[in-house]
Amino acid sequence: MAITEDRPLELTTGETVVRQPLGAFTRPRSTTGWRSWLTTIDHKKIGILYGGTALFFFFVGGVEALLIRMQLAQPDGQVLTAGQYNQVFTMHGTTMVFLVVMPLAAAFANYLMPLQIGARDVAFPRLNAFSYWTFLFGGIVLNSGWFLGGSPDNGWFNYAPNSGLAYSPGNGIDFWNMGLLIAGIASLVGAINLIVTALNMRAPGMTLMRMPVFTWMALVTQFLLLFAIPVLTVAQFLLMFERLFGAQFFDPAAGADPLLWQHLFWIFGHPEVYIMILPAFGIVSEIMPTFARKPLFGYPFMVFSGIAIGFMGWGVWAHHMFVSGLGPVSVAAFSLSTMFIAVPTGVKIFNWVGTLWGGKLKFSVPMAFAIALVVQFTVGGVSGVSHAVSPSDTQQTDTYYIVAHFHYVLFGGALFGMVGGLYYWWPKFFGRHLRDRLGWWHFWLMALGFNLTFGPMHIVGLQGMPRRTASYPEGMGWDFWNFIETVGAFLIGVSFLVFAYNIIVSRNNPPAEADPWDGRTLEWATSSPPPVHNFDEIPTVSHLDDWWHSKYRETDDHRLERVEGVKSYSSPEGPSEPPHLPSPSYWPFVLALGLPFVAYGLLYSYWLCGVGGVLILAAIYGWSLEPSVDPGAHAHHDEHEHGHGHDDHDADAEEPVAVATTPEETTE
Amino acid sequence: MIKHLRRLALLPLVLLLTSCAKDAPQDYLQPEGTYAKKIDTLQKPVFILAAIVAVFVFALVAYAMWRFRERKDDDPNELPAQMHGNTKLEIGWTILPALVLAAISAFTLPVVFELTDEPDEYLAVDVYGQKYWWGYEYPGEGNSAYGIEEAGIRTANELHIPVGVPVWLTLRSNDVIHSFWAPKLNGKRDVVPGRVHTWKLEAEEPGVFSGQCAEFCGTSHAFMRLKVVAHDQASWREWVEQMQAPLEEPEAGSLAAEGFELFAQKGCAGCHQVDGAYEEVAEDAPAAPNLTKLFTRDCFAGCIYDLTDRNELEAWLRDPQRKDGSLMVIGELTEDEIDRLYAYLETLR
Amino acid sequence: MTVAEHTSAAHPTTAHHTSTGLTNEKLAMWVFLGSECLLFGGLISTFLLYRETEPKAGPAISELYDIPYTSVSSFVLLMSSLTMVLAVAAIKRGDQRNTRVWLMTTALLGASFVGGQIYEFTVFYREGLGYTTNLQGSAFYTLTGFHGVHVSLGIVMLLSSVVMSLRGRLGPERSEAVEIVGLYWHFVDVVWIVIFTVVYLITP
């Protein structure tokens, strides 16, 4: 609660040390209630915040999708005006990419990465919280157009010069720009955090090639974010300065080349699609071995193909610009590079088949979603190869054939994979399973609805139906399939109502075990949900799939036998010595809050910028003077203070344990 | 579960096969122009290859699901062999797809250059894209072989071309990025303000080919349509002759003559040119179609309205803002004025 | 244990083992600087693109450069990297006073650089190249402006370090904090070297 006078902290030694910064707020202490969520710096809670917010935005983007489908169910649709339709399709795409798939992946990465590497939290817990709140405020700014005079309506890719003041005079484009700039900060900061976490905080014995594949894919994703977001940021600053201050960047009358925007956007935009799919690839690579009861086939190849995709993804961006007038040499070069990126992706598909092969397959709901990703991503992948043939792409680009392609890879791939991940890790996150029967209803309705919606888009696309069109005339041959697509879309909607219902009723399910699926990775080695400190004792790792190897031992006749009495790394009594954990804090929220004030201030009144600036400065000051562990929360003093707002990683309480000297079993 | 999955896997294939629709004017799987056909010779084999690969993967997955499923009478404690991988397979399924893709690339690259090569002889047309219609100019220079005189021809919405002749398009934009696309004749090419792009078309048979703008350009992007009309030799000469024939002056005292006056009084001439009558447009006027031979055309306003239906043109004159984002702003016209204007416009053939 | 005992040189703050051997903070700074390469790369590319375009209004920027002047301010910035190194050396050997001296000097040199840049911009402006005059102006001022903001934030960090040192909270066990500021500072300097070379020295 607020205290108005400056109160020095006293230590048990009687020495007075730290004065409360600003003297206004005590350190938050709550572990329950809304305040605990506002001030949490626990990666698990933050993961849940990301996931919940992403699912909320999925609902918003889904409604936008249904509006699109209602408008297009029949020729010459009258459900929406052209202007309204353009806002709806722009927001649908922007929402699904930036406010659903990316944060859902962040939810998994945040929750699971520390657990999978045997750490207690991420490297910078307060920074992690800051990422979440910044993302939330970015999403709010992006969506404020619905209430403030019009949403962005120039497509999620927002090409110049239509994005300039001359052709888009309202604030819609500004909401797009500023909302995504803010959300971009969240992604960038999160990337730095998770990279340091994965590289620095692995449990003793966990070499890089013993990290779970999900962590690997999440790590590659963070590197992609690290390098791609700044390029989008540049494009967005240029657009912002042009719109706000009259700078010249994209106006052809000034001699500008509108293709500058396209290049900057797609240099971000192509790695972005790998950012969206790699985490789901990682999820599937965890689910399949569990339910095939054998290891992931070709672990090193799965890791290296993920890294290869990460590298090669930088060399293909202009395949989004095949008809933009690049010239045949560039077109040919990018056509080639685009074809070859199919190779590492194909390697993954085959390795997943190899994982199933020879296994003892249990068809659980998560497994169904995982297999659906493999099948559906294959469809999207081969249609992608057909666009790589650039002459064909001159016909296919900007038609529903492309819409079909990217929905098959992003929805049929990434989203199916992540929903599968939700079913798989739900008991771990919330301590209760989701109901199986409802899960199957969800799966079949979603699979049927999805394929019914996006399968026919291949056809109408090849029949010449362009995308981003508010309506289409009769007599083009598109009527029938568009109607079917609308039916499919509503089926998808119903499937998610089933999912929502499942979530609600599952709160009454019996508590879940620590390791209900007989998993292979360390998150299953602790309770469901894990204690706040994750593991009573930091594990020492000697294998890939170390948890599996603790549970099973190879007998003389090369069979696996369950080891008796294997304990998880957390017990109801808790650890013998309570570990140092970082304390909750208000400052991440306050710092994040300053950003939308600055954004709105630039549009409406510089006074708001001033308020935002004050919040930001106060938060930076307060944050840097605040110790990451509240001295009042523990009996002994923690001296870790830093001057520039970076947390110390004292979430890891143990001194390093000597790496196990038992002879290492081969991982082959 | 597996049976259902097998059926689902066939669904995309079935859908693809049913795509051979009869009445789909923009269906480029049934190309009609030279370059669209060239693209299709590349596109269809790649589709077939893609389908084979996809079906192969589905078959593997379906088979694995059936063969390795956990059976009720299995020992729950028995684990399958813990295979970690197979390096030979990995190398195989890296190299084989790479070879296939290399082969596809080898066939692709020449076509990339063929599609952009300038033909030796061609009919040159300047194409202008602007919100939300397409304008065309046939320059006199270089086009005399096709009957075009020095003054050239200016038209809009319908691009008329002779059959069997490469048409070399020079594409420009007057405002934002658009994309010129007549699917049955060729792929699309963007028009970008500040840049000049080139593209080509060639029709092999007479016909009317539907198309539309294919790069999102604003509110009425969906309503920026076009037609390409391909003529056989005789019909082409007729068309060129008609387009270059001087306009007949409206009879004195007729409704059309009054419409002629109204055309200037109501400001139409401020934006719309009529060769030989209203040549000068206002300096800051937005780009507007040349109306000299308006009634030789079938469609107007981005080819979304029917010029042969009097009601549609009248409705347009009553309210040109009925197309969202239209830059045509005129004051209110009385019904009499509309009748007169219509009478005049009808003489523009 | 008293604070003094806790913060003695014998008890290193970074007692926690990390897999890379770098502390989290230092690794984070390196990773962050990686992203900054792309940020400046995008801005520099934009400038290079528009440097080739004939300006439709106002002067071409290459006509306005005063290379000797900018060379001097570049030298000043380069020297600030030297003083930064000296500051890190000072704190590592426990010399509090000189740590502050060198940190202050670095900040002052940095401030001179920024001041020099601002003066340079006013000269360009008087000669007809404003922010919105033409493509080159917009691209140039945005690029150098972003760089200047980065330098300014660096100066804030330097001054904060000086203040912390005055309050006795920047002992040798905290030397890494100064090192990390140093990393950032050197990066900003390297970016300037690239900008000076590519923007000012290499003209079409």
# chains A, B, ... in the order shown; residues from 1 in each chain; ligands from 1

call {"tool": "select_by_dssp", "arguments": {"residues": "region 54-194 of chain C", "states": "alpha helix (DSSP H)", "output": "ChimeraX atom specification"}}
result
/C:67-92,96-126,135-166,175-194

call {"tool": "write_last_selection", "arguments": {"atoms": "C-alpha atoms", "output": "JSON list (two decimals), in the first residue's frame"}}
result
[["chain", "number", "residue", "atom", "x", "y", "z"],
["C", 67, "ILE", "CA", 34.21, 17.02, -43.88],
["C", 68, "PRO", "CA", 36.95, 18.66, -41.80],
["C", 69, "TYR", "CA", 34.38, 19.73, -39.23],
["C", 70, "THR", "CA", 32.72, 16.32, -39.03],
["C", 71, "SER", "CA", 36.14, 14.67, -38.88],
["C", 72, "VAL", "CA", 36.90, 16.64, -35.76],
["C", 73, "SER", "CA", 33.68, 15.67, -34.05],
["C", 74, "SER", "CA", 34.22, 12.05, -35.13],
["C", 75, "PHE", "CA", 37.64, 12.20, -33.57],
["C", 76, "VAL", "CA", 36.11, 13.52, -30.38],
["C", 77, "LEU", "CA", 33.75, 10.56, -30.27],
["C", 78, "LEU", "CA", 36.58, 8.17, -30.94],
["C", 79, "MET", "CA", 38.54, 9.64, -28.08],
["C", 80, "SER", "CA", 35.57, 9.11, -25.84],
["C", 81, "SER", "CA", 35.93, 5.39, -26.48],
["C", 82, "LEU", "CA", 39.48, 5.64, -25.23],
["C", 83, "THR", "CA", 38.43, 7.42, -22.08],
["C", 84, "MET", "CA", 35.74, 4.77, -21.62],
["C", 85, "VAL", "CA", 38.40, 2.07, -21.67],
["C", 86, "LEU", "CA", 40.34, 4.04, -19.10],
["C", 87, "ALA", "CA", 37.26, 4.27, -16.91],
["C", 88, "VAL", "CA", 36.81, 0.51, -16.96],
["C", 89, "ALA", "CA", 40.46, 0.01, -16.12],
["C", 90, "ALA", "CA", 40.15, 2.45, -13.24],
["C", 91, "ILE", "CA", 37.19, 0.76, -11.65],
["C", 92, "LYS", "CA", 38.77, -2.65, -11.98],
["C", 96, "GLN", "CA", 37.12, 5.37, -7.49],
["C", 97, "ARG", "CA", 38.25, 8.88, -8.22],
["C", 98, "ASN", "CA", 39.70, 8.19, -11.61],
["C", 99, "THR", "CA", 36.71, 6.06, -12.50],
["C", 100, "ARG", "CA", 34.60, 9.15, -12.08],
["C", 101, "VAL", "CA", 37.09, 11.33, -13.91],
["C", 102, "TRP", "CA", 37.17, 9.12, -16.96],
["C", 103, "LEU", "CA", 33.43, 8.49, -16.95],
["C", 104, "MET", "CA", 32.80, 12.24, -16.77],
["C", 105, "THR", "CA", 35.30, 12.86, -19.53],
["C", 106, "THR", "CA", 33.63, 10.28, -21.70],
["C", 107, "ALA", "CA", 30.29, 11.90, -21.07],
["C", 108, "LEU", "CA", 31.64, 15.34, -21.86],
["C", 109, "LEU", "CA", 33.28, 14.17, -25.06],
["C", 110, "GLY", "CA", 30.04, 12.49, -26.02],
["C", 111, "ALA", "CA", 28.13, 15.66, -25.25],
["C", 112, "SER", "CA", 30.57, 17.63, -27.41],
["C", 113, "PHE", "CA", 29.91, 15.24, -30.21],
["C", 114, "VAL", "CA", 26.17, 15.63, -29.88],
["C", 115, "GLY", "CA", 26.55, 19.39, -29.60],
["C", 116, "GLY", "CA", 28.68, 19.38, -32.70],
["C", 117, "GLN", "CA", 26.07, 17.37, -34.54],
["C", 118, "ILE", "CA", 23.30, 19.74, -33.54],
["C", 119, "TYR", "CA", 25.40, 22.67, -34.74],
["C", 120, "GLU", "CA", 26.03, 20.85, -38.01],
["C", 121, "PHE", "CA", 22.30, 20.32, -38.44],
["C", 122, "THR", "CA", 21.58, 24.00, -37.92],
["C", 123, "VAL", "CA", 24.13, 24.86, -40.60],
["C", 124, "PHE", "CA", 22.52, 22.41, -43.05],
["C", 125, "TYR", "CA", 19.13, 23.81, -42.19],
["C", 126, "ARG", "CA", 20.28, 27.36, -42.90],
["C", 135, "LEU", "CA", 14.35, 12.48, -49.36],
["C", 136, "GLN", "CA", 18.01, 12.92, -48.53],
["C", 137, "GLY", "CA", 17.28, 15.33, -45.72],
["C", 138, "SER", "CA", 14.69, 13.06, -44.16],
["C", 139, "ALA", "CA", 16.90, 10.00, -44.45],
["C", 140, "PHE", "CA", 20.01, 11.79, -43.19],
["C", 141, "TYR", "CA", 18.45, 13.46, -40.19],
["C", 142, "THR", "CA", 16.58, 10.29, -39.21],
["C", 143, "LEU", "CA", 19.74, 8.21, -39.34],
["C", 144, "THR", "CA", 21.98, 10.66, -37.55],
["C", 145, "GLY", "CA", 19.15, 11.59, -35.20],
["C", 146, "PHE", "CA", 18.71, 7.98, -34.10],
["C", 147, "HIS", "CA", 22.44, 7.77, -33.58],
["C", 148, "GLY", "CA", 22.46, 10.99, -31.60],
["C", 149, "VAL", "CA", 19.65, 9.72, -29.37],
["C", 150, "HIS", "CA", 21.67, 6.58, -28.74],
["C", 151, "VAL", "CA", 24.68, 8.65, -27.78],
["C", 152, "SER", "CA", 22.54, 10.78, -25.49],
["C", 153, "LEU", "CA", 21.13, 7.73, -23.72],
["C", 154, "GLY", "CA", 24.72, 6.57, -23.32],
["C", 155, "ILE", "CA", 25.59, 9.88, -21.70],
["C", 156, "VAL", "CA", 22.70, 9.40, -19.27],
["C", 157, "MET", "CA", 24.07, 5.98, -18.36],
["C", 158, "LEU", "CA", 27.56, 7.42, -17.88],
["C", 159, "LEU", "CA", 26.31, 10.18, -15.64],
["C", 160, "SER", "CA", 24.21, 7.73, -13.63],
["C", 161, "SER", "CA", 27.35, 5.68, -13.10],
["C", 162, "VAL", "CA", 29.18, 8.78, -11.90],
["C", 163, "VAL", "CA", 26.37, 9.52, -9.44],
["C", 164, "MET", "CA", 26.40, 5.94, -8.19],
["C", 165, "SER", "CA", 30.12, 6.10, -7.75],
["C", 166, "LEU", "CA", 29.78, 9.31, -5.71],
["C", 175, "SER", "CA", 33.02, -3.14, -12.46],
["C", 176, "GLU", "CA", 30.98, -5.20, -14.85],
["C", 177, "ALA", "CA", 28.23, -2.61, -14.84],
["C", 178, "VAL", "CA", 30.73, -0.08, -16.18],
["C", 179, "GLU", "CA", 32.03, -2.64, -18.67],
["C", 180, "ILE", "CA", 28.52, -3.12, -19.98],
["C", 181, "VAL", "CA", 28.01, 0.61, -20.39],
["C", 182, "GLY", "CA", 31.38, 0.54, -22.15],
["C", 183, "LEU", "CA", 30.18, -2.13, -24.55],
["C", 184, "TYR", "CA", 27.21, -0.01, -25.46],
["C", 185, "TRP", "CA", 29.36, 3.08, -25.82],
["C", 186, "HIS", "CA", 31.88, 1.39, -28.09],
["C", 187, "PHE", "CA", 29.06, 0.04, -30.24],
["C", 188, "VAL", "CA", 27.59, 3.49, -30.67],
["C", 189, "ASP", "CA", 31.06, 4.67, -31.65],
["C", 190, "VAL", "CA", 31.50, 1.89, -34.21],
["C", 191, "VAL", "CA", 28.14, 2.75, -35.72],
["C", 192, "TRP", "CA", 29.34, 6.31, -36.07],
["C", 193, "ILE", "CA", 32.47, 5.14, -37.86],
["C", 194, "VAL", "CA", 30.27, 3.28, -40.33]]

call {"tool": "residues_around", "arguments": {"residues": "Leu345 (chain B)", "least_positions_apart": "3", "cutoff": "12 Å", "atoms": "only C-alpha atoms", "output": "JSON, numbers by chain"}}
result
{"B": [247, 248, 249, 250, 255, 256, 257, 258, 259, 260, 261, 262, 263, 268, 272, 274, 290, 291, 292, 293, 294, 295, 296, 297, 307, 310, 313, 314, 317, 338, 339, 340, 341, 342, 348, 349]}

call {"tool": "interface_residues", "arguments": {"of": "chain A", "to": "chain C", "cutoff": "7 Å", "atoms": "only C-alpha atoms", "output": "PyMOL selection string"}}
result
chain A and resi 123+192+196+199-202+226-227+230-231+234+246-249+254-256+646+649+655-656

call {"tool": "write_last_selection", "arguments": {"atoms": "C-alpha atoms", "output": "JSON list (two decimals), in the first residue's frame"}}
result
[["chain", "number", "residue", "atom", "x", "y", "z"],
["A", 123, "ALA", "CA", 17.25, -14.37, -16.91],
["A", 192, "ILE", "CA", 16.85, -10.88, -25.47],
["A", 196, "VAL", "CA", 20.18, -15.19, -22.42],
["A", 199, "LEU", "CA", 22.35, -19.80, -23.41],
["A", 200, "ASN", "CA", 23.23, -19.10, -19.79],
["A", 201, "MET", "CA", 20.87, -20.79, -17.41],
["A", 202, "ARG", "CA", 20.75, -24.41, -18.39],
["A", 226, "LEU", "CA", 15.99, -10.23, -32.49],
["A", 227, "PHE", "CA", 17.05, -9.45, -36.03],
["A", 230, "PRO", "CA", 14.36, -3.90, -35.83],
["A", 231, "VAL", "CA", 13.83, -3.87, -39.60],
["A", 234, "VAL", "CA", 12.77, 1.12, -39.06],
["A", 246, "GLY", "CA", 6.10, 15.50, -43.02],
["A", 247, "ALA", "CA", 9.35, 13.62, -43.59],
["A", 248, "GLN", "CA", 9.84, 12.29, -47.11],
["A", 249, "PHE", "CA", 10.26, 8.57, -47.44],
["A", 254, "ALA", "CA", 9.28, 13.59, -53.88],
["A", 255, "GLY", "CA", 11.03, 10.96, -55.96],
["A", 256, "ALA", "CA", 10.63, 8.20, -53.40],
["A", 646, "HIS", "CA", 18.60, -5.19, -15.64],
["A", 649, "HIS", "CA", 19.50, -13.80, -12.39],
["A", 655, "GLU", "CA", 25.83, -23.01, -6.44],
["A", 656, "PRO", "CA", 26.69, -25.08, -9.47]]

call {"tool": "closest_residue", "arguments": {"among": "A:Leu66, A:Leu296, A:Leu55, A:Leu127", "to": "Pro588 (chain A)", "atoms": "only C-alpha atoms"}}
result
A:Leu127

call {"tool": "closest_atom_pairs", "arguments": {"of": "chain A", "to": "chain B", "cutoff": "6 Å", "atoms": "only C-alpha atoms", "output": "JSON lines"}}
result
{"residue": "A:Ala82", "atom": "CA", "partner": "B:Thr219", "partner_atom": "CA", "distance": 5.8}
{"residue": "A:Gly83", "atom": "CA", "partner": "B:Thr219", "partner_atom": "CA", "distance": 5.4}
{"residue": "A:Pro161", "atom": "CA", "partner": "B:Val176", "partner_atom": "CA", "distance": 5.6}
{"residue": "A:Asn162", "atom": "CA", "partner": "B:Val176", "partner_atom": "CA", "distance": 5.7}
{"residue": "A:Pro252", "atom": "CA", "partner": "B:Gly194", "partner_atom": "CA", "distance": 5.2}
{"residue": "A:Lys294", "atom": "CA", "partner": "B:Gln82", "partner_atom": "CA", "distance": 5.0}
{"residue": "A:Phe297", "atom": "CA", "partner": "B:Gly85", "partner_atom": "CA", "distance": 4.8}
{"residue": "A:Gly298", "atom": "CA", "partner": "B:Gly85", "partner_atom": "CA", "distance": 4.4}
{"residue": "A:Val323", "atom": "CA", "partner": "B:Arg189", "partner_atom": "CA", "distance": 5.1}
{"residue": "A:Ser324", "atom": "CA", "partner": "B:Asp190", "partner_atom": "CA", "distance": 5.2}
{"residue": "A:Pro328", "atom": "CA", "partner": "B:Phe113", "partner_atom": "CA", "distance": 5.9}
{"residue": "A:Trp357", "atom": "CA", "partner": "B:Ala64", "partner_atom": "CA", "distance": 5.6}
{"residue": "A:Gly358", "atom": "CA", "partner": "B:Phe68", "partner_atom": "CA", "distance": 6.0}
{"residue": "A:Gly359", "atom": "CA", "partner": "B:Pro80", "partner_atom": "CA", "distance": 5.6}
{"residue": "A:Lys360", "atom": "CA", "partner": "B:Glu70", "partner_atom": "CA", "distance": 5.0}
{"residue": "A:Leu361", "atom": "CA", "partner": "B:Arg69", "partner_atom": "CA", "distance": 4.5}
{"residue": "A:Lys362", "atom": "CA", "partner": "B:Glu70", "partner_atom": "CA", "distance": 5.7}
{"residue": "A:Val382", "atom": "CA", "partner": "B:Ala50", "partner_atom": "CA", "distance": 5.3}
{"residue": "A:Pro391", "atom": "CA", "partner": "B:Ile39", "partner_atom": "CA", "distance": 5.8}
{"residue": "A:Ser392", "atom": "CA", "partner": "B:Gln43", "partner_atom": "CA", "distance": 5.6}
{"residue": "A:Thr394", "atom": "CA", "partner": "B:Gly187", "partner_atom": "CA", "distance": 4.5}
{"residue": "A:Gln395", "atom": "CA", "partner": "B:Gly187", "partner_atom": "CA", "distance": 4.3}
{"residue": "A:Ile459", "atom": "CA", "partner": "B:Ser19", "partner_atom": "CA", "distance": 5.4}
{"residue": "A:Gln463", "atom": "CA", "partner": "B:Asp27", "partner_atom": "CA", "distance": 3.6}
{"residue": "A:Gly464", "atom": "CA", "partner": "B:Gln26", "partner_atom": "CA", "distance": 4.7}
{"residue": "A:Thr469", "atom": "CA", "partner": "B:Ala222", "partner_atom": "CA", "distance": 4.5}
{"residue": "A:Ala470", "atom": "CA", "partner": "B:Ala222", "partner_atom": "CA", "distance": 5.8}
{"residue": "A:Met476", "atom": "CA", "partner": "B:Ala24", "partner_atom": "CA", "distance": 4.8}
{"residue": "A:Gly477", "atom": "CA", "partner": "B:Ala24", "partner_atom": "CA", "distance": 4.6}
{"residue": "A:Glu668", "atom": "CA", "partner": "B:His84", "partner_atom": "CA", "distance": 6.0}

call {"tool": "write_last_selection", "arguments": {"atoms": "C-alpha atoms", "output": "PDB file, in the first residue's frame"}}
result
ATOM      1  CA  ALA A  82     -16.224  -1.755 -48.805  1.00  0.00           C
ATOM      2  CA  GLY A  83     -14.688   0.621 -46.276  1.00  0.00           C
ATOM      3  CA  PRO A 161       2.046   5.121 -50.715  1.00  0.00           C
ATOM      4  CA  ASN A 162      -1.536   4.240 -49.849  1.00  0.00           C
ATOM      5  CA  PRO A 252       6.566   9.322 -55.271  1.00  0.00           C
ATOM      6  CA  LYS A 294       9.887 -43.523 -28.562  1.00  0.00           C
ATOM      7  CA  PHE A 297      13.535 -39.419 -34.822  1.00  0.00           C
ATOM      8  CA  GLY A 298      16.718 -37.651 -35.850  1.00  0.00           C
ATOM      9  CA  VAL A 323       5.232  -8.994 -59.489  1.00  0.00           C
ATOM     10  CA  SER A 324       6.362  -5.734 -57.953  1.00  0.00           C
ATOM     11  CA  PRO A 328      14.066 -10.930 -63.922  1.00  0.00           C
ATOM     12  CA  TRP A 357       7.154 -45.308 -37.415  1.00  0.00           C
ATOM     13  CA  GLY A 358       7.715 -48.308 -35.208  1.00  0.00           C
ATOM     14  CA  GLY A 359       6.137 -46.648 -32.247  1.00  0.00           C
ATOM     15  CA  LYS A 360       3.318 -47.648 -29.987  1.00  0.00           C
ATOM     16  CA  LEU A 361       0.920 -44.899 -30.950  1.00  0.00           C
ATOM     17  CA  LYS A 362      -1.579 -43.575 -28.497  1.00  0.00           C
ATOM     18  CA  VAL A 382       3.748 -28.050 -51.306  1.00  0.00           C
ATOM     19  CA  PRO A 391       6.073 -17.405 -63.400  1.00  0.00           C
ATOM     20  CA  SER A 392       3.256 -19.365 -61.778  1.00  0.00           C
ATOM     21  CA  THR A 394       2.512 -14.075 -61.335  1.00  0.00           C
ATOM     22  CA  GLN A 395      -0.873 -15.741 -61.602  1.00  0.00           C
ATOM     23  CA  ILE A 459      -9.831 -23.657 -56.201  1.00  0.00           C
ATOM     24  CA  GLN A 463     -10.076 -19.585 -60.847  1.00  0.00           C
ATOM     25  CA  GLY A 464      -8.833 -16.038 -60.520  1.00  0.00           C
ATOM     26  CA  THR A 469     -11.638  -7.755 -52.286  1.00  0.00           C
ATOM     27  CA  ALA A 470     -14.748  -6.569 -50.475  1.00  0.00           C
ATOM     28  CA  MET A 476     -17.262 -15.699 -62.013  1.00  0.00           C
ATOM     29  CA  GLY A 477     -17.755 -19.288 -60.918  1.00  0.00           C
ATOM     30  CA  GLU A 668      22.387 -42.527 -29.933  1.00  0.00           C
TER      31      GLU A 668
END

call {"tool": "residues_around", "arguments": {"residues": "Asn177 (chain A)", "least_positions_apart": "6", "cutoff": "8 Å", "atoms": "only C-alpha atoms", "output": "PyMOL selection string"}}
result
chain A and resi 142+236+239-240

call {"tool": "atom_distance", "arguments": {"atom1": "CA of Leu544 (chain A)", "atom2": "CA of Met209 (chain A)"}}
result
7.3 Å

call {"tool": "atom_distance", "arguments": {"atom1": "CA of Ala368 (chain A)", "atom2": "CA of Leu194 (chain A)"}}
result
29.3 Å
